[in-house]
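Novice: Provided herewith: entry35.cif, mmCIF, C-alpha atoms.
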data_target
#
loop_
_atom_site.group_PDB
_atom_site.id
_atom_site.type_symbol
_atom_site.label_atom_id
_atom_site.label_comp_id
_atom_site.auth_asym_id
_atom_site.auth_seq_id
_atom_site.Cartn_x
_atom_site.Cartn_y
_atom_site.Cartn_z
ATOM 1 C CA MET A 25 -25.306 11.226 -0.204
ATOM 2 C CA ALA A 26 -25.532 7.705 -1.612
ATOM 3 C CA ASP A 27 -25.388 7.309 -5.374
ATOM 4 C CA PRO A 28 -28.933 6.289 -6.519
ATOM 5 C CA ARG A 29 -27.314 4.235 -9.275
ATOM 6 C CA GLY A 30 -25.455 2.187 -6.678
ATOM 7 C CA ILE A 31 -21.723 1.504 -6.788
ATOM 8 C CA ARG A 32 -19.630 -0.709 -9.022
ATOM 9 C CA LEU A 33 -19.455 -4.284 -7.841
ATOM 10 C CA GLN A 34 -15.661 -4.378 -7.571
ATOM 11 C CA LYS A 35 -15.739 -1.214 -5.463
ATOM 12 C CA PHE A 36 -18.400 -2.739 -3.203
ATOM 13 C CA LEU A 37 -16.252 -5.847 -2.667
ATOM 14 C CA ALA A 38 -13.171 -3.773 -1.949
ATOM 15 C CA GLN A 39 -15.020 -1.578 0.559
ATOM 16 C CA ALA A 40 -16.357 -4.732 2.255
ATOM 17 C CA GLY A 41 -12.796 -5.932 2.752
ATOM 18 C CA VAL A 42 -13.115 -8.963 0.479
ATOM 19 C CA ALA A 43 -9.999 -8.106 -1.532
ATOM 20 C CA SER A 44 -8.300 -5.236 -3.288
ATOM 21 C CA ARG A 45 -10.229 -3.774 -6.195
ATOM 22 C CA ARG A 46 -8.006 -5.521 -8.756
ATOM 23 C CA SER A 47 -8.377 -8.869 -7.005
ATOM 24 C CA SER A 48 -12.136 -8.287 -6.743
ATOM 25 C CA GLU A 49 -12.263 -7.824 -10.509
ATOM 26 C CA GLU A 50 -10.575 -11.204 -10.908
ATOM 27 C CA LEU A 51 -13.183 -12.814 -8.643
ATOM 28 C CA ILE A 52 -15.954 -11.345 -10.806
ATOM 29 C CA VAL A 53 -14.415 -12.466 -14.094
ATOM 30 C CA GLU A 54 -13.910 -15.964 -12.666
ATOM 31 C CA GLY A 55 -17.647 -16.186 -11.957
ATOM 32 C CA ARG A 56 -17.253 -16.469 -8.198
ATOM 33 C CA VAL A 57 -19.586 -13.547 -7.429
ATOM 34 C CA SER A 58 -23.375 -13.475 -7.547
ATOM 35 C CA ILE A 59 -25.985 -10.740 -7.142
ATOM 36 C CA ASN A 60 -29.455 -11.710 -5.946
ATOM 37 C CA GLY A 61 -28.827 -15.315 -6.905
ATOM 38 C CA ARG A 62 -27.495 -14.653 -10.405
ATOM 39 C CA PRO A 63 -23.827 -14.933 -11.444
ATOM 40 C CA ALA A 64 -22.158 -11.547 -12.012
ATOM 41 C CA THR A 65 -19.347 -11.567 -14.567
ATOM 42 C CA GLU A 66 -19.481 -7.957 -15.854
ATOM 43 C CA LEU A 67 -17.154 -5.469 -14.187
ATOM 44 C CA GLY A 68 -19.422 -2.483 -14.816
ATOM 45 C CA VAL A 69 -22.472 -3.812 -12.962
ATOM 46 C CA ARG A 70 -23.682 -1.689 -10.046
ATOM 47 C CA VAL A 71 -25.178 -2.839 -6.762
ATOM 48 C CA GLN A 72 -27.372 -1.293 -4.092
ATOM 49 C CA PRO A 73 -26.967 -1.792 -0.310
ATOM 50 C CA SER A 74 -30.105 -3.967 -0.332
ATOM 51 C CA ASP A 75 -28.701 -6.396 -2.934
ATOM 52 C CA ASP A 76 -27.697 -9.916 -1.907
ATOM 53 C CA VAL A 77 -24.041 -10.062 -2.974
ATOM 54 C CA ARG A 78 -22.163 -13.320 -2.455
ATOM 55 C CA VAL A 79 -18.605 -14.520 -3.075
ATOM 56 C CA ASN A 80 -18.227 -18.296 -3.312
ATOM 57 C CA GLY A 81 -21.708 -18.509 -1.793
ATOM 58 C CA ARG A 82 -20.903 -16.346 1.246
ATOM 59 C CA ARG A 83 -23.031 -13.224 1.806
ATOM 60 C CA ILE A 84 -20.962 -10.044 1.716
ATOM 61 C CA ARG A 85 -21.935 -7.016 3.766
ATOM 62 C CA PRO A 86 -20.130 -3.677 3.955
ATOM 63 C CA ALA A 87 -17.662 -3.656 6.832
ATOM 64 C CA ALA A 88 -16.650 -0.746 9.026
ATOM 65 C CA SER A 89 -13.377 0.694 7.794
ATOM 66 C CA GLN A 90 -10.302 -0.363 9.775
ATOM 67 C CA TRP A 91 -6.836 1.170 9.485
ATOM 68 C CA TYR A 92 -3.674 0.401 11.450
ATOM 69 C CA ALA A 93 -0.045 1.458 11.233
ATOM 70 C CA LEU A 94 2.570 -1.259 11.820
ATOM 71 C CA HIS A 95 6.334 -0.924 12.204
ATOM 72 C CA LYS A 96 7.637 -3.958 10.337
ATOM 73 C CA PRO A 97 11.044 -4.975 11.723
ATOM 74 C CA ARG A 98 13.883 -6.426 9.686
ATOM 75 C CA GLY A 99 13.637 -10.186 9.318
ATOM 76 C CA TYR A 100 9.901 -10.341 8.577
ATOM 77 C CA MET A 101 8.210 -11.014 5.252
ATOM 78 C CA SER A 102 5.518 -8.754 3.824
ATOM 79 C CA THR A 103 3.163 -11.589 2.983
ATOM 80 C CA ARG A 104 0.393 -13.596 4.586
ATOM 81 C CA SER A 105 2.411 -16.811 4.626
ATOM 82 C CA ASP A 106 5.918 -17.794 3.543
ATOM 83 C CA PRO A 107 6.745 -21.157 1.912
ATOM 84 C CA GLU A 108 10.152 -21.107 3.610
ATOM 85 C CA GLY A 109 8.585 -20.716 7.033
ATOM 86 C CA ARG A 110 9.975 -17.259 7.716
ATOM 87 C CA ARG A 111 8.119 -14.906 10.039
ATOM 88 C CA THR A 112 5.621 -12.527 8.442
ATOM 89 C CA LEU A 113 4.180 -9.203 9.521
ATOM 90 C CA TYR A 114 0.965 -11.065 10.457
ATOM 91 C CA ASP A 115 2.895 -12.769 13.269
ATOM 92 C CA LEU A 116 3.120 -9.312 14.881
ATOM 93 C CA VAL A 117 -0.620 -8.619 15.149
ATOM 94 C CA PRO A 118 -3.510 -10.288 17.029
ATOM 95 C CA PRO A 119 -5.799 -12.817 15.272
ATOM 96 C CA SER A 120 -8.520 -10.169 14.847
ATOM 97 C CA MET A 121 -6.224 -8.221 12.484
ATOM 98 C CA ARG A 122 -4.966 -11.121 10.381
ATOM 99 C CA ARG A 123 -7.830 -10.862 7.885
ATOM 100 C CA LEU A 124 -6.724 -7.335 6.949
ATOM 101 C CA PHE A 125 -4.521 -6.819 3.912
ATOM 102 C CA TYR A 126 -1.345 -4.799 3.964
ATOM 103 C CA VAL A 127 -0.494 -1.645 2.038
ATOM 104 C CA GLY A 128 3.166 -1.119 1.215
ATOM 105 C CA ARG A 129 5.373 -4.160 0.762
ATOM 106 C CA LEU A 130 8.799 -4.004 2.385
ATOM 107 C CA ASP A 131 11.460 -6.613 1.649
ATOM 108 C CA PHE A 132 12.849 -9.006 4.264
ATOM 109 C CA ASP A 133 15.828 -6.791 5.186
ATOM 110 C CA SER A 134 13.891 -3.514 5.263
ATOM 111 C CA GLU A 135 11.813 -2.026 8.060
ATOM 112 C CA GLY A 136 9.330 0.702 8.707
ATOM 113 C CA LEU A 137 5.750 1.713 8.086
ATOM 114 C CA VAL A 138 3.219 -0.732 6.669
ATOM 115 C CA LEU A 139 -0.526 -0.053 6.742
ATOM 116 C CA LEU A 140 -3.152 -2.717 7.464
ATOM 117 C CA THR A 141 -6.755 -2.242 6.362
ATOM 118 C CA ASN A 142 -9.973 -3.765 5.092
ATOM 119 C CA ASP A 143 -10.637 -0.702 2.879
ATOM 120 C CA GLY A 144 -9.580 -2.004 -0.513
ATOM 121 C CA ASP A 145 -10.815 1.027 -2.420
ATOM 122 C CA THR A 146 -8.613 3.526 -0.572
ATOM 123 C CA ALA A 147 -5.749 1.012 -0.484
ATOM 124 C CA HIS A 148 -5.880 0.837 -4.279
ATOM 125 C CA ARG A 149 -5.391 4.595 -4.507
ATOM 126 C CA LEU A 150 -2.438 4.433 -2.142
ATOM 127 C CA LEU A 151 -0.765 1.646 -4.111
ATOM 128 C CA HIS A 152 -1.337 2.459 -7.781
ATOM 129 C CA PRO A 153 1.409 4.578 -9.414
ATOM 130 C CA ARG A 154 -1.120 6.759 -11.272
ATOM 131 C CA TYR A 155 -2.127 8.435 -7.983
ATOM 132 C CA ARG A 156 1.462 9.497 -7.223
ATOM 133 C CA ILE A 157 1.414 8.835 -3.465
ATOM 134 C CA ASP A 158 4.641 9.670 -1.615
ATOM 135 C CA ARG A 159 6.699 6.987 0.103
ATOM 136 C CA GLU A 160 9.462 8.461 2.258
ATOM 137 C CA TYR A 161 12.550 6.444 3.237
ATOM 138 C CA ASP A 162 15.405 6.991 5.680
ATOM 139 C CA VAL A 163 18.400 5.186 4.134
ATOM 140 C CA GLU A 164 21.847 4.469 5.570
ATOM 141 C CA VAL A 165 24.561 3.403 3.121
ATOM 142 C CA ASP A 166 28.145 2.155 3.418
ATOM 143 C CA VAL A 167 29.895 5.477 2.707
ATOM 144 C CA GLN A 168 28.881 9.135 2.611
ATOM 145 C CA VAL A 169 26.824 9.991 -0.465
ATOM 146 C CA ASP A 170 28.397 12.747 -2.526
ATOM 147 C CA ASP A 171 26.526 15.691 -4.052
ATOM 148 C CA ALA A 172 26.728 14.233 -7.551
ATOM 149 C CA ALA A 173 24.924 11.082 -6.425
ATOM 150 C CA LEU A 174 22.203 13.122 -4.691
ATOM 151 C CA GLU A 175 21.639 15.063 -7.890
ATOM 152 C CA GLN A 176 21.536 11.833 -9.885
ATOM 153 C CA LEU A 177 18.832 10.478 -7.587
ATOM 154 C CA ARG A 178 16.790 13.623 -8.287
ATOM 155 C CA ARG A 179 17.314 13.446 -12.061
ATOM 156 C CA GLY A 180 16.731 9.716 -12.277
ATOM 157 C CA VAL A 181 18.574 6.410 -12.247
ATOM 158 C CA HIS A 182 18.263 3.837 -15.043
ATOM 159 C CA LEU A 183 17.153 0.430 -13.714
ATOM 160 C CA ASP A 184 16.471 -2.754 -15.626
ATOM 161 C CA ASP A 185 12.699 -2.156 -15.403
ATOM 162 C CA GLY A 186 12.854 1.523 -16.369
ATOM 163 C CA PRO A 187 14.056 4.829 -14.925
ATOM 164 C CA ALA A 188 13.482 5.635 -11.257
ATOM 165 C CA ARG A 189 13.583 9.165 -9.852
ATOM 166 C CA ALA A 190 13.338 10.510 -6.326
ATOM 167 C CA ARG A 191 10.820 13.329 -5.937
ATOM 168 C CA THR A 192 12.838 14.774 -3.059
ATOM 169 C CA VAL A 193 16.305 13.982 -1.659
ATOM 170 C CA ARG A 194 18.150 15.407 1.334
ATOM 171 C CA ARG A 195 21.236 14.434 3.286
ATOM 172 C CA LYS A 196 20.508 13.675 6.933
ATOM 173 C CA GLY A 197 24.116 13.592 8.031
ATOM 174 C CA GLY A 198 26.926 11.096 7.796
ATOM 175 C CA ARG A 199 25.891 8.231 5.575
ATOM 176 C CA ARG A 200 22.120 8.804 5.861
ATOM 177 C CA VAL A 201 19.846 10.119 3.122
ATOM 178 C CA VAL A 202 16.089 10.743 3.192
ATOM 179 C CA LEU A 203 14.317 10.427 -0.141
ATOM 180 C CA THR A 204 10.748 10.330 -1.380
ATOM 181 C CA LEU A 205 9.476 8.140 -4.223
ATOM 182 C CA GLN A 206 6.043 7.867 -5.787
ATOM 183 C CA GLU A 207 6.263 4.275 -6.980
ATOM 184 C CA GLY A 208 6.455 0.972 -5.182
ATOM 185 C CA ARG A 209 8.628 -1.189 -7.395
ATOM 186 C CA LYS A 210 10.368 -4.197 -5.900
ATOM 187 C CA ARG A 211 13.562 -3.231 -4.016
ATOM 188 C CA GLU A 212 13.513 0.082 -5.893
ATOM 189 C CA VAL A 213 15.446 2.121 -3.310
ATOM 190 C CA ARG A 214 18.162 -0.508 -2.899
ATOM 191 C CA ARG A 215 18.554 -0.863 -6.661
ATOM 192 C CA MET A 216 18.825 2.891 -7.155
ATOM 193 C CA PHE A 217 21.674 3.173 -4.671
ATOM 194 C CA ALA A 218 23.377 0.043 -6.008
ATOM 195 C CA GLU A 219 23.321 1.532 -9.505
ATOM 196 C CA LEU A 220 25.259 4.507 -8.110
ATOM 197 C CA GLY A 221 27.771 2.272 -6.338
ATOM 198 C CA TYR A 222 26.410 2.351 -2.772
ATOM 199 C CA ASP A 223 25.468 -0.552 -0.514
ATOM 200 C CA VAL A 224 22.359 0.025 1.612
ATOM 201 C CA LYS A 225 22.981 -0.977 5.212
ATOM 202 C CA ARG A 226 19.615 0.069 6.641
ATOM 203 C CA LEU A 227 16.375 1.064 4.963
ATOM 204 C CA ARG A 228 13.399 2.354 6.923
ATOM 205 C CA ARG A 229 10.134 3.704 5.507
ATOM 206 C CA VAL A 230 9.062 6.627 7.670
ATOM 207 C CA ARG A 231 5.994 7.834 5.761
ATOM 208 C CA TYR A 232 3.384 6.444 3.397
ATOM 209 C CA GLY A 233 1.142 9.125 1.917
ATOM 210 C CA PRO A 234 -0.189 11.241 4.818
ATOM 211 C CA ILE A 235 0.667 8.633 7.496
ATOM 212 C CA ARG A 236 3.950 8.843 9.422
ATOM 213 C CA LEU A 237 5.806 6.183 11.393
ATOM 214 C CA ASP A 238 6.742 8.710 14.114
ATOM 215 C CA ASP A 239 7.803 6.964 17.344
ATOM 216 C CA LEU A 240 6.238 3.572 16.624
ATOM 217 C CA GLN A 241 8.848 0.970 17.587
ATOM 218 C CA PRO A 242 9.742 -2.175 15.578
ATOM 219 C CA GLY A 243 7.007 -4.766 16.001
ATOM 220 C CA GLU A 244 4.496 -2.263 17.401
ATOM 221 C CA TRP A 245 1.191 -1.297 15.810
ATOM 222 C CA ARG A 246 -1.515 1.276 16.485
ATOM 223 C CA ALA A 247 -4.929 2.259 15.145
ATOM 224 C CA LEU A 248 -4.919 5.412 13.027
ATOM 225 C CA ASP A 249 -6.394 8.467 14.718
ATOM 226 C CA ASP A 250 -9.184 10.682 13.388
ATOM 227 C CA ASN A 251 -6.807 13.184 11.769
ATOM 228 C CA GLU A 252 -5.046 10.395 9.893
ATOM 229 C CA LEU A 253 -8.341 8.839 8.794
ATOM 230 C CA ASN A 254 -9.506 12.217 7.499
ATOM 231 C CA ALA A 255 -6.238 12.547 5.571
ATOM 232 C CA LEU A 256 -6.861 9.152 3.959
ATOM 233 C CA ARG A 257 -10.377 10.227 3.013
ATOM 234 C CA ARG A 258 -8.864 13.232 1.231
ATOM 235 C CA VAL A 259 -6.528 10.879 -0.645
ATOM 236 C CA LYS A 260 -9.538 8.811 -1.675
ATOM 237 C CA ARG A 261 -11.512 11.863 -2.862
ATOM 238 C CA ALA A 262 -8.513 13.131 -4.819
ATOM 239 C CA GLY A 263 -8.248 9.748 -6.504
ATOM 240 C CA GLU A 264 -11.942 9.787 -7.398
ATOM 241 C CA ASP A 265 -11.569 13.282 -8.864
ATOM 242 C CA ARG A 266 -8.599 12.111 -10.939
ATOM 243 C CA GLU A 267 -10.630 9.168 -12.257
ATOM 244 C CA GLU A 268 -13.539 11.426 -13.225
ATOM 245 C CA ARG A 269 -11.177 13.681 -15.169
ATOM 246 C CA GLY A 270 -9.850 10.596 -16.948
#
Translate the structure described by the file into structure tokens.
Specialist:
Amino acid sequence: MADPRGIRLQKFLAQAGVASRRSSEELIVEGRVSINGRPATELGVRVQPSDDVRVNGRRIRPAASQWYALHKPRGYMSTRSDPEGRRTLYDLVPPSMRRLFYVGRLDFDSEGLVLLTNDGDTAHRLLHPRYRIDREYDVEVDVQVDDAALEQLRRGVHLDDGPARARTVRRKGGRRVVLTLQEGRKREVRRMFAELGYDVKRLRRVRYGPIRLDDLQPGEWRALDDNELNALRRVKRAGEDREERG
């Protein structure tokens, strides 16, 4: 049932695929959004479906939700464009998908699951640390990881931007370890292993929240199926419940 009070403007913009919720808030504060012909600069304002909402003069209408899984290969940037001219993940998808924003940055030398969507509200809940969404990685290092290092990953590793701890860790055999984190700090996995004296040779994200990479090959993408979309809706509802509880 629709909320008779309407929804917050930044949430409306995120759901319409304009930008993430945080970026939508910046657009509002900058005075680039109007409602029914009047500038909107207050983040708490609510809008109804019948309202004329515009960003930089362009009418915004709610868009149908789109979600895709992409296997980013090594040697691609997680960005829309690169000043050094390197290939980006948007070079892997058709023009119709290049307006979507990505969920889950991976560095140039890493590979694995990245999500593409126009649903900024759900994307926000997947990205923000407060919602504690799992990111699972399959990591190959230069030498076999000993039991003490596995335990240290579970207890936490001190990095220059604060401690980092794996929620789960298991040895996959040889020099491979699978671990789960609930943050998305820059090069966090590589820095954790480096702090323990290991050099990461291959890093692949195999799961983000309820979505798995499965057999998707490097450079391939696919639309999420109904079961996966329902799982994302549950993530969104859980995030809304957390917000209501404060």
Novice: So, counting all atoms listed in the file, which residue among A:Phe132, A:Gly198, A:Lys96, A:Leu256 is closest to Arg110 of chain A?
Specialist: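 Of A:Phe132, A:Gly198, A:Lys96, A:Leu256, the one nearest Arg110 of chain A is A:Phe132, counting all atoms listed in the file.
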Novice: I'd like to see the residues matched by the PyMOL selection byres ((chain A and resi 148-160) around 10) on this file, and ideally I'd get them as a count of residues only.
Specialist: 46
Novice: How many Å separate atom CA of Glu49 of chain A from atom CA of Leu67 of chain A?
Specialist: 6.6 Å
Novice: Which of these, A:Val42, A:Ala87, A:Leu33, A:Leu227, has the shortest distance to Asp75 of chain A once you count all atoms listed in the file?
Specialist: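 Smallest separation from Asp75 of chain A among the options: A:Leu33.
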Novice: Starting from 6 Å padding per side, set up an axis-aligned box that covers all listed atoms of segment 117-133 of chain A and hand over centre and edge lengths in Å, one decimal, as lines of an AutoDock Vina configuration file.
Specialist:
center_x = 3.7
center_y = -7.0
center_z = 8.9
size_x = 36.3
size_y = 23.7
size_z = 28.3
Novice: How many Å lie between atom CA of Asn254 of chain A and atom CA of Ala40 of chain A, rounded to one decimal?
Specialist: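 Between these atoms lies a distance of 19.0 Å.
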Novice: For this structure, which residues satisfy the selection - the PyMOL selection byres ((chain A and resi 217) around 10) - when it is evaluated on the file as given? I want them as a PDB file with C-alpha atoms, keeping the file's coordinate frame.
Specialist:
ATOM      1  CA  VAL A 163      18.400   5.186   4.134  1.00  0.00           C
ATOM      2  CA  VAL A 165      24.561   3.403   3.121  1.00  0.00           C
ATOM      3  CA  VAL A 169      26.824   9.991  -0.465  1.00  0.00           C
ATOM      4  CA  ALA A 173      24.924  11.082  -6.425  1.00  0.00           C
ATOM      5  CA  LEU A 174      22.203  13.122  -4.691  1.00  0.00           C
ATOM      6  CA  LEU A 177      18.832  10.478  -7.587  1.00  0.00           C
ATOM      7  CA  VAL A 181      18.574   6.410 -12.247  1.00  0.00           C
ATOM      8  CA  GLU A 212      13.513   0.082  -5.893  1.00  0.00           C
ATOM      9  CA  VAL A 213      15.446   2.121  -3.310  1.00  0.00           C
ATOM     10  CA  ARG A 214      18.162  -0.508  -2.899  1.00  0.00           C
ATOM     11  CA  ARG A 215      18.554  -0.863  -6.661  1.00  0.00           C
ATOM     12  CA  MET A 216      18.825   2.891  -7.155  1.00  0.00           C
ATOM     13  CA  ALA A 218      23.377   0.043  -6.008  1.00  0.00           C
ATOM     14  CA  GLU A 219      23.321   1.532  -9.505  1.00  0.00           C
ATOM     15  CA  LEU A 220      25.259   4.507  -8.110  1.00  0.00           C
ATOM     16  CA  GLY A 221      27.771   2.272  -6.338  1.00  0.00           C
ATOM     17  CA  TYR A 222      26.410   2.351  -2.772  1.00  0.00           C
ATOM     18  CA  ASP A 223      25.468  -0.552  -0.514  1.00  0.00           C
ATOM     19  CA  VAL A 224      22.359   0.025   1.612  1.00  0.00           C
TER      20      VAL A 224
END
Novice: Under the rule that only C-alpha atoms are counted, which of A:Pro97, A:Arg78, A:Val138, A:Lys210 is the nearest residue to Leu183 of chain A?
Specialist: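 Using only C-alpha atoms, the shortest distance to Leu183 of chain A belongs to A:Lys210.
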Novice: Suppose you want the space between atom CA of Gln34 of chain A and atom CA of Val71 of chain A; what is it in Å?
Specialist: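 Between these atoms lies a distance of 9.7 Å.
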Novice: Kindly extract all protein, DNA and RNA residues lying within 9 Å of the coordinates (-17.8, -10.5, -8.4) given in the file, considering all atoms listed in the file, and supply them as a list in words.
Specialist: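 Here the neighbourhood of the point contains Leu33, Gln34, Leu37, Ser48, Glu49, Glu50, Leu51, Ile52, Val53, Glu54, Gly55, Arg56, Val57, Ser58, Ile59, Pro63, Ala64, Thr65, Glu66, Leu67, Val77, Arg78 and Val79 of chain A.
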Novice: Distance cut-off 12 Å, centre (4.8, -11.8, 11.9) in file coordinates, counting only C-alpha atoms: which residues qualify? Return them as a PyMOL selection string.
Specialist: chain A and resi 94-106+109-119+121-122+132+242-245
Novice: Using only C-alpha atoms, pick whichever of A:Asp185, A:Arg179, A:Ala93, A:Arg200 has the shortest atom-to-atom distance to Gln241 of chain A.
Specialist: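 Checking each candidate against Gln241 of chain A, we get A:Ala93 as the closest.
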Novice: Might you pull out every residue within 12 Å of Gln90 of chain A, with only C-alpha atoms counted and same-chain residues fewer than 6 positions away left off, and present them as a PyMOL selection string?
Specialist: chain A and resi 39-41+120-121+123-126+139-144+146-147+246-250+252-253+256
Novice: With only C-alpha atoms as the atoms that count, which of A:Ile31, A:Phe36, A:His182, A:Gly81 lies nearest to Arg62 of chain A?
Specialist: A:Gly81
Novice: Got a minute to add N, CA and C atoms to segment 91-102 of chain A and dump it as a short mmCIF file (atom, residue, chain, number, x, y, z; two decimals), in the frame of the given file?
Specialist:
data_model
loop_
_atom_site.label_atom_id
_atom_site.label_comp_id
_atom_site.auth_asym_id
_atom_site.auth_seq_id
_atom_site.Cartn_x
_atom_site.Cartn_y
_atom_site.Cartn_z
N TRP A 91 -8.17 0.77 9.93
CA TRP A 91 -6.84 1.17 9.48
C TRP A 91 -5.86 1.12 10.66
N TYR A 92 -4.72 0.49 10.43
CA TYR A 92 -3.67 0.40 11.45
C TYR A 92 -2.32 0.71 10.82
N ALA A 93 -1.44 1.28 11.62
CA ALA A 93 -0.04 1.46 11.23
C ALA A 93 0.78 0.42 11.98
N LEU A 94 1.70 -0.23 11.25
CA LEU A 94 2.57 -1.26 11.82
C LEU A 94 4.01 -0.92 11.48
N HIS A 95 4.90 -1.07 12.46
CA HIS A 95 6.33 -0.92 12.20
C HIS A 95 6.89 -2.32 11.95
N LYS A 96 7.07 -2.65 10.68
CA LYS A 96 7.64 -3.96 10.34
C LYS A 96 9.13 -3.96 10.64
N PRO A 97 9.61 -4.90 11.46
CA PRO A 97 11.04 -4.97 11.72
C PRO A 97 11.77 -5.68 10.58
N ARG A 98 13.08 -5.60 10.58
CA ARG A 98 13.88 -6.43 9.69
C ARG A 98 13.66 -7.89 10.06
N GLY A 99 13.77 -8.76 9.05
CA GLY A 99 13.64 -10.19 9.32
C GLY A 99 12.22 -10.71 9.29
N TYR A 100 11.29 -9.92 8.75
CA TYR A 100 9.90 -10.34 8.58
C TYR A 100 9.50 -10.16 7.12
N MET A 101 8.69 -11.08 6.63
CA MET A 101 8.21 -11.01 5.25
C MET A 101 6.91 -10.21 5.17
N SER A 102 6.77 -9.46 4.09
CA SER A 102 5.52 -8.75 3.82
C SER A 102 4.64 -9.67 2.99
#
